[in-house]
Amino acid sequence: MESEQLIELMTQIKEKGIEPEKVEEGIKVPYQLLDLYTRSGPVPVTIINNLKSFLEKGDQ
């Protein structure tokens, strides 16, 4: 998937004030890796889906 979708999800996370540590715990992916994907291109679909689920659950 393209990084634009990841950027949108990361923006939502920041707007909600969710700490990076909570995101890492919730999706089991280091926040630094997410940041790298926002700048580098194709993002694995599983990361996008996990972030969407994380935001829908409202885990904070």
# chains A, B, ... in the order shown; residues from 1 in each chain; ligands from 1
>>> select_by_dssp(residues="chain A", states="alpha helix (DSSP H)", output="PyMOL selection string")
chain A and resi 3-16+20-27+31-40+45-57
>>> residues_around(residues="range 30-33 of chain A", least_positions_apart="4", cutoff="10 Å", atoms="only C-alpha atoms", output="ChimeraX atom specification")
/A:10,19-25,37-38
>>> residues_around(residues="Phe54 in chain A", least_positions_apart="5", cutoff="12 Å", atoms="only C-alpha atoms", output="list in words")
Leu9, Met10, Gln12, Ile13, Ile18, Lys22, Val23, Glu24, Glu25, Gly26, Ile27, Lys28, Thr46, Ile47, Ile48, Asn49, Asp59 and Gln60 of chain A
>>> closest_residue(among="A:Ser3, A:Val43, A:Leu34, A:Gly17", to="Gly58 in chain A", atoms="only C-alpha atoms")
A:Gly17
>>> atom_distance(atom1="CA of Pro44 in chain A", atom2="CA of Glu56 in chain A")
19.0 Å
>>> atom_distance(atom1="CA of Gln5 in chain A", atom2="CA of Val29 in chain A")
16.6 Å
